[in-house]
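Data block for input-v6.cif (mmCIF, C-alpha atoms):
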```cif
data_entry
#
loop_
_atom_site.label_atom_id
_atom_site.label_comp_id
_atom_site.auth_asym_id
_atom_site.auth_seq_id
_atom_site.Cartn_x
_atom_site.Cartn_y
_atom_site.Cartn_z
CA MET A 1 -88.01 31.44 -150.83
CA GLU A 2 -88.96 28.16 -149.23
CA TYR A 3 -87.86 24.94 -150.96
CA ARG A 4 -89.57 21.66 -150.33
CA SER A 5 -88.01 18.30 -151.08
CA ARG A 6 -89.84 16.18 -153.60
CA PRO A 7 -91.09 12.83 -152.41
CA THR A 8 -89.09 9.88 -153.76
CA LEU A 9 -90.91 7.27 -155.74
CA ASN A 10 -90.38 3.59 -154.96
CA LEU A 11 -90.08 1.96 -158.42
CA SER A 12 -89.21 -1.53 -157.15
CA PRO A 13 -91.79 -4.30 -157.63
CA PRO A 14 -93.97 -5.13 -154.63
CA GLY A 15 -92.21 -8.47 -154.11
CA LEU A 16 -88.81 -6.78 -153.76
CA MET A 17 -89.81 -4.29 -151.10
CA GLU A 18 -87.89 -4.45 -147.81
CA ARG A 19 -89.55 -6.52 -145.14
CA PRO A 20 -89.01 -6.05 -141.42
CA THR A 21 -86.56 -8.59 -140.03
CA PRO A 22 -88.23 -10.98 -137.61
CA HIS A 23 -87.23 -10.66 -133.97
CA ARG A 24 -85.10 -13.59 -132.81
CA ARG A 25 -86.37 -15.45 -129.81
CA ARG A 26 -84.01 -15.69 -126.91
CA GLY A 27 -83.26 -19.14 -125.55
CA VAL A 28 -80.68 -21.35 -123.89
CA TYR A 29 -78.66 -24.30 -125.09
CA ILE A 30 -80.30 -27.44 -123.77
CA LEU A 31 -77.44 -29.98 -123.97
CA PRO A 32 -74.86 -28.53 -121.54
CA ASN A 33 -77.58 -27.25 -119.21
CA LEU A 34 -78.97 -30.79 -118.94
CA PHE A 35 -75.69 -31.90 -117.38
CA THR A 36 -75.72 -28.88 -115.06
CA THR A 37 -79.29 -29.67 -113.98
CA ALA A 38 -78.32 -33.30 -113.34
CA ALA A 39 -75.39 -32.14 -111.20
CA LEU A 40 -77.71 -29.83 -109.28
CA PHE A 41 -80.13 -32.71 -108.72
CA ALA A 42 -77.30 -34.91 -107.41
CA GLY A 43 -76.34 -32.22 -104.90
CA PHE A 44 -79.96 -31.82 -103.82
CA TYR A 45 -80.29 -35.59 -103.48
CA ALA A 46 -77.24 -35.61 -101.18
CA VAL A 47 -79.08 -33.25 -98.83
CA THR A 48 -82.27 -35.34 -98.85
CA ALA A 49 -80.27 -38.53 -98.28
CA THR A 50 -78.64 -36.86 -95.27
CA LEU A 51 -82.04 -36.08 -93.79
CA ASN A 52 -82.81 -39.81 -94.03
CA GLN A 53 -79.47 -40.75 -92.40
CA ARG A 54 -78.20 -42.29 -95.67
CA PHE A 55 -74.76 -40.76 -95.48
CA GLU A 56 -73.06 -43.19 -97.85
CA LEU A 57 -75.56 -42.42 -100.60
CA ALA A 58 -75.14 -38.71 -99.91
CA ALA A 59 -71.36 -38.98 -100.38
CA ILE A 60 -71.75 -40.96 -103.61
CA ALA A 61 -74.24 -38.36 -104.90
CA ILE A 62 -71.63 -35.63 -104.42
CA PHE A 63 -69.15 -37.60 -106.55
CA VAL A 64 -71.84 -38.06 -109.21
CA ALA A 65 -72.42 -34.30 -109.17
CA MET A 66 -68.69 -33.80 -109.58
CA ALA A 67 -68.56 -36.07 -112.64
CA LEU A 68 -71.54 -34.31 -114.24
CA ASP A 69 -70.05 -30.90 -113.49
CA GLY A 70 -66.91 -31.89 -115.35
CA LEU A 71 -68.96 -32.97 -118.35
CA ASP A 72 -71.11 -29.88 -118.84
CA GLY A 73 -68.19 -27.59 -119.55
CA ARG A 74 -66.52 -30.11 -121.86
CA VAL A 75 -69.75 -30.66 -123.77
CA ALA A 76 -70.31 -26.91 -124.11
CA ARG A 77 -66.83 -26.41 -125.55
CA LEU A 78 -66.97 -29.44 -127.86
CA THR A 79 -70.38 -28.47 -129.26
CA ASN A 80 -69.68 -24.72 -129.27
CA THR A 81 -72.72 -24.04 -127.04
CA GLN A 82 -71.08 -21.83 -124.43
CA SER A 83 -73.17 -18.96 -123.07
CA ALA A 84 -73.24 -16.47 -120.23
CA PHE A 85 -76.41 -18.07 -118.93
CA GLY A 86 -74.73 -21.48 -118.79
CA ALA A 87 -71.76 -20.08 -116.87
CA GLU A 88 -73.99 -18.43 -114.26
CA TYR A 89 -76.22 -21.49 -113.99
CA ASP A 90 -73.16 -23.70 -113.50
CA SER A 91 -71.95 -21.47 -110.64
CA MET A 92 -75.34 -21.65 -108.92
CA ALA A 93 -75.37 -25.44 -109.22
CA ASP A 94 -71.79 -25.66 -107.92
CA MET A 95 -72.73 -23.63 -104.87
CA ILE A 96 -75.42 -26.17 -103.96
CA SER A 97 -73.58 -29.36 -104.93
CA PHE A 98 -70.08 -28.49 -103.68
CA GLY A 99 -70.68 -25.76 -101.13
CA ALA A 100 -73.86 -26.31 -99.15
CA ALA A 101 -74.41 -30.05 -99.68
CA PRO A 102 -70.98 -31.34 -98.47
CA ALA A 103 -71.04 -28.99 -95.48
CA LEU A 104 -74.52 -30.14 -94.45
CA VAL A 105 -73.64 -33.81 -94.90
CA MET A 106 -70.45 -33.43 -92.85
CA TYR A 107 -72.28 -31.49 -90.14
CA ALA A 108 -75.06 -34.05 -89.78
CA TRP A 109 -72.59 -36.96 -89.94
CA ALA A 110 -69.83 -35.83 -87.58
CA LEU A 111 -69.91 -32.18 -86.54
CA MET A 112 -73.30 -31.90 -84.88
CA GLY A 113 -71.94 -33.09 -81.55
CA LEU A 114 -69.30 -30.34 -81.44
CA GLY A 115 -71.83 -27.57 -80.95
CA LYS A 116 -70.80 -24.15 -82.22
CA PHE A 117 -67.45 -25.40 -83.48
CA GLY A 118 -69.23 -27.89 -85.71
CA TRP A 119 -71.54 -25.49 -87.48
CA VAL A 120 -68.83 -22.85 -87.75
CA ALA A 121 -66.57 -25.33 -89.55
CA ALA A 122 -69.43 -26.29 -91.87
CA PHE A 123 -70.09 -22.61 -92.55
CA VAL A 124 -66.41 -21.99 -93.32
CA HIS A 125 -66.59 -24.61 -96.07
CA THR A 126 -69.83 -23.15 -97.45
CA ALA A 127 -68.59 -19.56 -97.37
CA GLY A 128 -65.27 -20.60 -98.89
CA ALA A 129 -67.09 -22.20 -101.82
CA ALA A 130 -69.21 -19.08 -102.37
CA LEU A 131 -66.18 -16.78 -102.30
CA ARG A 132 -64.20 -19.13 -104.52
CA LEU A 133 -66.92 -19.19 -107.19
CA ALA A 134 -67.42 -15.41 -107.05
CA ARG A 135 -63.69 -14.79 -107.48
CA PHE A 136 -63.48 -17.29 -110.31
CA ASN A 137 -66.33 -15.60 -112.21
CA THR A 138 -64.76 -12.16 -111.88
CA GLN A 139 -61.25 -13.27 -112.92
CA ILE A 140 -62.15 -15.74 -115.68
CA ALA A 141 -61.16 -13.31 -118.45
CA THR A 142 -57.70 -12.50 -117.04
CA ALA A 143 -56.64 -15.64 -115.19
CA ASP A 144 -54.20 -18.20 -116.57
CA ARG A 145 -56.39 -21.10 -117.72
CA ARG A 146 -53.66 -23.62 -116.91
CA TYR A 147 -54.01 -22.98 -113.17
CA PHE A 148 -56.73 -22.35 -110.61
CA GLN A 149 -56.31 -19.77 -107.88
CA GLY A 150 -57.43 -21.60 -104.77
CA LEU A 151 -58.68 -25.15 -104.42
CA PRO A 152 -61.59 -25.84 -106.82
CA SER A 153 -64.89 -26.37 -105.02
CA PRO A 154 -65.54 -29.85 -106.55
CA SER A 155 -62.18 -31.08 -105.24
CA ALA A 156 -62.89 -29.62 -101.80
CA ALA A 157 -66.27 -31.35 -101.74
CA ALA A 158 -64.68 -34.63 -102.87
CA ILE A 159 -62.37 -34.61 -99.82
CA LEU A 160 -65.29 -34.41 -97.38
CA ALA A 161 -67.39 -36.87 -99.37
CA GLY A 162 -64.47 -39.30 -99.67
CA LEU A 163 -63.93 -39.35 -95.92
CA ILE A 164 -67.63 -39.96 -95.25
CA TRP A 165 -67.87 -42.68 -97.90
CA PHE A 166 -64.75 -44.47 -96.64
CA CYS A 167 -65.84 -44.40 -92.99
CA GLU A 168 -69.38 -45.52 -93.75
CA ASP A 169 -68.06 -48.32 -95.94
CA HIS A 170 -65.80 -49.58 -93.13
CA GLY A 171 -68.28 -49.13 -90.27
CA ILE A 172 -66.55 -46.11 -88.73
CA SER A 173 -68.98 -43.69 -87.11
CA GLY A 174 -68.75 -39.97 -87.66
CA GLU A 175 -68.60 -39.39 -83.92
CA SER A 176 -65.23 -41.16 -83.71
CA VAL A 177 -63.63 -38.98 -86.41
CA ARG A 178 -65.42 -35.72 -85.67
CA TYR A 179 -62.21 -33.78 -85.03
CA LEU A 180 -60.79 -34.99 -88.33
CA GLY A 181 -63.99 -33.83 -90.03
CA LEU A 182 -63.72 -30.51 -88.20
CA GLY A 183 -60.19 -29.98 -89.47
CA LEU A 184 -60.98 -31.02 -93.04
CA ALA A 185 -64.08 -28.83 -93.31
CA THR A 186 -62.11 -25.82 -92.07
CA ALA A 187 -59.07 -26.59 -94.22
CA THR A 188 -61.07 -27.04 -97.43
CA GLY A 189 -62.90 -23.76 -96.84
CA LEU A 190 -59.64 -21.87 -96.32
CA LEU A 191 -57.88 -23.53 -99.25
CA MET A 192 -60.68 -22.49 -101.60
CA VAL A 193 -60.11 -18.80 -100.81
CA SER A 194 -56.30 -19.07 -100.70
CA ASN A 195 -53.89 -17.84 -103.35
CA PHE A 196 -52.33 -21.27 -103.92
CA ARG A 197 -52.08 -22.31 -107.58
CA TYR A 198 -53.60 -25.63 -108.66
CA TYR A 199 -53.10 -27.25 -112.02
CA SER A 200 -56.39 -27.10 -113.95
CA PHE A 201 -55.81 -29.85 -116.58
CA LYS A 202 -57.62 -27.59 -119.09
CA ASP A 203 -54.74 -27.63 -121.54
CA ILE A 204 -55.22 -31.34 -122.18
CA ASP A 205 -56.61 -31.83 -125.69
CA LEU A 206 -59.19 -34.61 -125.56
CA ARG A 207 -59.67 -34.52 -129.34
CA GLY A 208 -55.98 -34.80 -130.19
CA ARG A 209 -53.87 -37.91 -130.61
CA VAL A 210 -51.79 -39.23 -127.73
CA PRO A 211 -49.23 -42.04 -127.48
CA PHE A 212 -50.62 -45.52 -126.95
CA VAL A 213 -48.96 -45.73 -123.55
CA TRP A 214 -51.41 -43.13 -122.24
CA ALA A 215 -54.28 -45.53 -122.93
CA ILE A 216 -52.53 -48.15 -120.79
CA VAL A 217 -51.88 -45.62 -118.01
CA THR A 218 -55.54 -44.56 -118.04
CA MET A 219 -56.68 -48.18 -117.85
CA LEU A 220 -54.37 -48.88 -114.90
CA LEU A 221 -55.55 -45.72 -113.16
CA PHE A 222 -59.20 -46.77 -113.42
CA ALA A 223 -58.32 -50.26 -112.16
CA PHE A 224 -56.36 -48.73 -109.27
CA VAL A 225 -59.28 -46.51 -108.26
CA PHE A 226 -61.89 -49.29 -108.46
CA THR A 227 -59.94 -51.53 -106.08
CA ASN A 228 -61.22 -49.33 -103.25
CA PRO A 229 -63.13 -46.30 -104.64
CA PRO A 230 -63.78 -44.38 -101.38
CA LEU A 231 -60.20 -44.68 -100.13
CA MET A 232 -58.57 -44.02 -103.50
CA LEU A 233 -60.76 -40.99 -104.25
CA PHE A 234 -60.11 -39.55 -100.80
CA LEU A 235 -56.34 -39.99 -101.20
CA ILE A 236 -56.31 -38.61 -104.76
CA PHE A 237 -58.17 -35.42 -103.93
CA SER A 238 -56.32 -34.96 -100.65
CA SER A 239 -53.05 -35.18 -102.59
CA TYR A 240 -54.40 -32.65 -105.07
CA ALA A 241 -55.26 -30.29 -102.19
CA VAL A 242 -51.68 -30.58 -100.88
CA SER A 243 -50.23 -30.04 -104.37
CA GLY A 244 -51.37 -26.41 -104.37
CA PRO A 245 -49.21 -25.19 -101.47
CA VAL A 246 -46.29 -27.34 -102.68
CA LEU A 247 -46.54 -25.99 -106.24
CA THR A 248 -46.81 -22.40 -105.02
CA LEU A 249 -43.84 -22.71 -102.65
CA LEU A 250 -41.67 -24.29 -105.34
CA ARG A 251 -42.62 -21.53 -107.77
CA ARG A 252 -41.76 -18.79 -105.28
CA ARG A 253 -38.44 -20.44 -104.45
CA ARG A 254 -37.57 -20.64 -108.13
CA MET A 255 -38.46 -16.98 -108.65
CA ARG A 256 -36.25 -15.98 -105.72
CA SER A 257 -33.33 -17.97 -107.08
CA GLU A 258 -33.77 -16.35 -110.50
CA ARG A 259 -33.79 -12.89 -108.94
CA ARG A 260 -30.60 -13.63 -107.04
CA ALA A 261 -28.95 -15.00 -110.16
#
```

C-alpha cells encoding of this file:
Amino acid sequence: MEYRSRPTLNLSPPGLMERPTPHRRRGVYILPNLFTTAALFAGFYAVTATLNQRFELAAIAIFVAMALDGLDGRVARLTNTQSAFGAEYDSMADMISFGAAPALVMYAWALMGLGKFGWVAAFVHTAGAALRLARFNTQIATADRRYFQGLPSPSAAAILAGLIWFCEDHGISGESVRYLGLGLATATGLLMVSNFRYYSFKDIDLRGRVPFVWAIVTMLLFAFVFTNPPLMLFLIFSSYAVSGPVLTLLRRRRMRSERRA
C-alpha cells in the first residue's frame, strides 16, 4: 500500500516567517589601497619624468613610492583591512614602481650608451624584481617573517635611485658613471633572486612602548639623513644590500661550528 506524507502546516505568524538573507556585495578596502595607488602613481611619474629628462625628479619619485609602499601594509595591519586583493594589487604596483621604473630611469640616464649591455642590465633588474615578487607571494605562508629571502625590491630600487639622485645633485653625468650603473643594475637584479637572508624589521612593534633613548636615536637618524639625503640614502640601502650576504655567511659558519661541536 502506498503511503503519502502529510503536508506540514506553518503555524508561525506571517511576521516571523524566514526571509531570504540578502546577498553581500563584494568590495575592497579603500584606505590601504589608496596608499598602494599613490605608490603606483609615483612609479609611473618616475617614468614620465625620465621621458622629459628630469632624472632627479624621477629618482625622488621612486623614494616617494617606497615610503608609500611601506605605509600601505602597516595601515592594513593596524586597521585590520588586509585582503587577498590588496596583496595582489600591492605586488602589481611594486613591479611598476621598483622593477620597471628604476630600470628604465637607469637605462635612459646612464646605460643607453652601452648598447646591448645596457638594456640587458636593465632587464636583469626588471626580471629580478618580477621573480622576487612571485617567489615572495608563493612563500608568504611558510617563510620566516623576520627575514626576507633575497633583497627586497624597494631596497634594490632605492640603490639605483640613490645613485642617480646623488649624481644629478652634484652635477655628475650618467655617462661618466655608466659602468657603475651597469654593475649596480646587474647586482640588484641578482641579489633579488638570491637566497641571502635580509632582516625584515617586521617584528618591531610600532604600537608598543620603547625606551626613551630610542626616540633620541630616531631623531639623530633623521638629522643624519637630512644632512645629505641622496648620499645617505644611497649608503644606507647599499649597506643593507651587503648585509644579506654577510648575515647569511655568518649564519652558515655558526651552523658548521655547531655541527662540529

On this structure, which residues satisfy the PyMOL selection byres ((chain A and resi 119) around 12), written as an mmCIF file with C-alpha atoms, keeping the file's coordinate frame?
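Ended up saving to part.cif:
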```
data_model
loop_
_atom_site.group_PDB
_atom_site.id
_atom_site.type_symbol
_atom_site.label_atom_id
_atom_site.label_comp_id
_atom_site.auth_asym_id
_atom_site.auth_seq_id
_atom_site.Cartn_x
_atom_site.Cartn_y
_atom_site.Cartn_z
ATOM 1 C CA ALA A 100 -73.860 -26.310 -99.150
ATOM 2 C CA ALA A 103 -71.040 -28.990 -95.480
ATOM 3 C CA LEU A 104 -74.520 -30.140 -94.450
ATOM 4 C CA VAL A 105 -73.640 -33.810 -94.900
ATOM 5 C CA MET A 106 -70.450 -33.430 -92.850
ATOM 6 C CA TYR A 107 -72.280 -31.490 -90.140
ATOM 7 C CA ALA A 108 -75.060 -34.050 -89.780
ATOM 8 C CA TRP A 109 -72.590 -36.960 -89.940
ATOM 9 C CA ALA A 110 -69.830 -35.830 -87.580
ATOM 10 C CA LEU A 111 -69.910 -32.180 -86.540
ATOM 11 C CA MET A 112 -73.300 -31.900 -84.880
ATOM 12 C CA GLY A 113 -71.940 -33.090 -81.550
ATOM 13 C CA LEU A 114 -69.300 -30.340 -81.440
ATOM 14 C CA GLY A 115 -71.830 -27.570 -80.950
ATOM 15 C CA LYS A 116 -70.800 -24.150 -82.220
ATOM 16 C CA PHE A 117 -67.450 -25.400 -83.480
ATOM 17 C CA GLY A 118 -69.230 -27.890 -85.710
ATOM 18 C CA VAL A 120 -68.830 -22.850 -87.750
ATOM 19 C CA ALA A 121 -66.570 -25.330 -89.550
ATOM 20 C CA ALA A 122 -69.430 -26.290 -91.870
ATOM 21 C CA PHE A 123 -70.090 -22.610 -92.550
ATOM 22 C CA VAL A 124 -66.410 -21.990 -93.320
ATOM 23 C CA HIS A 125 -66.590 -24.610 -96.070
ATOM 24 C CA THR A 126 -69.830 -23.150 -97.450
ATOM 25 C CA ALA A 127 -68.590 -19.560 -97.370
ATOM 26 C CA GLY A 181 -63.990 -33.830 -90.030
ATOM 27 C CA LEU A 182 -63.720 -30.510 -88.200
ATOM 28 C CA ALA A 185 -64.080 -28.830 -93.310
ATOM 29 C CA THR A 186 -62.110 -25.820 -92.070
#
```

CA of Leu133 (chain A) to CA of Ala58 (chain A), distance in Å rounded to a single decimal: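 It comes out at 22.4 Å.
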
Enumerate, as a PDB file with C-alpha atoms, in the frame of the given file, the residues matched when the PyMOL selection byres ((chain A and resi 88-99) around 9) is run on the file above.
```pdb
ATOM      1  CA  ASN A  33     -77.580 -27.250-119.210  1.00  0.00           C
ATOM      2  CA  THR A  36     -75.720 -28.880-115.060  1.00  0.00           C
ATOM      3  CA  THR A  37     -79.290 -29.670-113.980  1.00  0.00           C
ATOM      4  CA  ALA A  39     -75.390 -32.140-111.200  1.00  0.00           C
ATOM      5  CA  LEU A  40     -77.710 -29.830-109.280  1.00  0.00           C
ATOM      6  CA  PHE A  41     -80.130 -32.710-108.720  1.00  0.00           C
ATOM      7  CA  ALA A  42     -77.300 -34.910-107.410  1.00  0.00           C
ATOM      8  CA  GLY A  43     -76.340 -32.220-104.900  1.00  0.00           C
ATOM      9  CA  PHE A  44     -79.960 -31.820-103.820  1.00  0.00           C
ATOM     10  CA  ALA A  46     -77.240 -35.610-101.180  1.00  0.00           C
ATOM     11  CA  ILE A  62     -71.630 -35.630-104.420  1.00  0.00           C
ATOM     12  CA  ALA A  65     -72.420 -34.300-109.170  1.00  0.00           C
ATOM     13  CA  MET A  66     -68.690 -33.800-109.580  1.00  0.00           C
ATOM     14  CA  ASP A  69     -70.050 -30.900-113.490  1.00  0.00           C
ATOM     15  CA  ASP A  72     -71.110 -29.880-118.840  1.00  0.00           C
ATOM     16  CA  GLY A  73     -68.190 -27.590-119.550  1.00  0.00           C
ATOM     17  CA  SER A  83     -73.170 -18.960-123.070  1.00  0.00           C
ATOM     18  CA  ALA A  84     -73.240 -16.470-120.230  1.00  0.00           C
ATOM     19  CA  PHE A  85     -76.410 -18.070-118.930  1.00  0.00           C
ATOM     20  CA  GLY A  86     -74.730 -21.480-118.790  1.00  0.00           C
ATOM     21  CA  ALA A  87     -71.760 -20.080-116.870  1.00  0.00           C
ATOM     22  CA  ALA A 100     -73.860 -26.310 -99.150  1.00  0.00           C
ATOM     23  CA  ALA A 101     -74.410 -30.050 -99.680  1.00  0.00           C
ATOM     24  CA  PRO A 102     -70.980 -31.340 -98.470  1.00  0.00           C
ATOM     25  CA  ALA A 103     -71.040 -28.990 -95.480  1.00  0.00           C
ATOM     26  CA  LEU A 104     -74.520 -30.140 -94.450  1.00  0.00           C
ATOM     27  CA  HIS A 125     -66.590 -24.610 -96.070  1.00  0.00           C
ATOM     28  CA  THR A 126     -69.830 -23.150 -97.450  1.00  0.00           C
ATOM     29  CA  ALA A 127     -68.590 -19.560 -97.370  1.00  0.00           C
ATOM     30  CA  GLY A 128     -65.270 -20.600 -98.890  1.00  0.00           C
ATOM     31  CA  ALA A 129     -67.090 -22.200-101.820  1.00  0.00           C
ATOM     32  CA  ALA A 130     -69.210 -19.080-102.370  1.00  0.00           C
ATOM     33  CA  LEU A 133     -66.920 -19.190-107.190  1.00  0.00           C
ATOM     34  CA  ALA A 134     -67.420 -15.410-107.050  1.00  0.00           C
ATOM     35  CA  ASN A 137     -66.330 -15.600-112.210  1.00  0.00           C
ATOM     36  CA  SER A 153     -64.890 -26.370-105.020  1.00  0.00           C
ATOM     37  CA  PRO A 154     -65.540 -29.850-106.550  1.00  0.00           C
ATOM     38  CA  SER A 155     -62.180 -31.080-105.240  1.00  0.00           C
ATOM     39  CA  ALA A 156     -62.890 -29.620-101.800  1.00  0.00           C
ATOM     40  CA  ALA A 157     -66.270 -31.350-101.740  1.00  0.00           C
ATOM     41  CA  ALA A 158     -64.680 -34.630-102.870  1.00  0.00           C
TER      42      ALA A 158
END
```

How would you write, as an mmCIF file with C-alpha atoms, in the coordinates of the input, the residues chosen by the PyMOL selection byres ((chain A and resi 237) around 8) on this structure?
```cif
data_model
loop_
_atom_site.group_PDB
_atom_site.id
_atom_site.type_symbol
_atom_site.label_atom_id
_atom_site.label_comp_id
_atom_site.auth_asym_id
_atom_site.auth_seq_id
_atom_site.Cartn_x
_atom_site.Cartn_y
_atom_site.Cartn_z
ATOM 1 C CA SER A 155 -62.180 -31.080 -105.240
ATOM 2 C CA ALA A 156 -62.890 -29.620 -101.800
ATOM 3 C CA ALA A 158 -64.680 -34.630 -102.870
ATOM 4 C CA ILE A 159 -62.370 -34.610 -99.820
ATOM 5 C CA LEU A 233 -60.760 -40.990 -104.250
ATOM 6 C CA PHE A 234 -60.110 -39.550 -100.800
ATOM 7 C CA LEU A 235 -56.340 -39.990 -101.200
ATOM 8 C CA ILE A 236 -56.310 -38.610 -104.760
ATOM 9 C CA SER A 238 -56.320 -34.960 -100.650
ATOM 10 C CA SER A 239 -53.050 -35.180 -102.590
ATOM 11 C CA TYR A 240 -54.400 -32.650 -105.070
ATOM 12 C CA ALA A 241 -55.260 -30.290 -102.190
#
```

Nearest candidate to Ile60 (chain A) (options A:Gly189, A:Pro229, A:Gly171, A:Pro245; using all atoms listed in the file):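 Among the listed residues, the smallest separation from Ile60 (chain A) belongs to A:Pro229.
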
CA of Thr50 (chain A) to CA of Tyr179 (chain A), straight-line distance in Å: 19.6 Å

Option closest in space to Ser194 (chain A), from A:Gly244, A:Gly70, A:Pro32, A:Gly174 [counting only C-alpha atoms]: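 Among A:Gly244, A:Gly70, A:Pro32, A:Gly174, it is A:Gly244 that comes nearest to Ser194 (chain A).
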
Of the listed residues A:Ser173, A:Ser257, A:Asn195, A:Gln82, that which approaches Arg132 (chain A) most closely, counting only C-alpha atoms: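 Closest candidate: A:Asn195.
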
Pairwise distance for CA of Ala59 (chain A) and CA of Glu168 (chain A), rounded to one decimal in Å: 9.5 Å

For Leu249 (chain A): contacts at 10 Å, only C-alpha atoms, fewer than 5 positions along chain excluded, given as a VMD selection string: chain A and resid 196 to 197 243 to 244 254 to 255

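Using all atoms listed in the file, the smallest distance between any of A:Ile164, A:Leu184, A:Leu34, A:Val177 and Phe63 (chain A) comes from A:Ile164.
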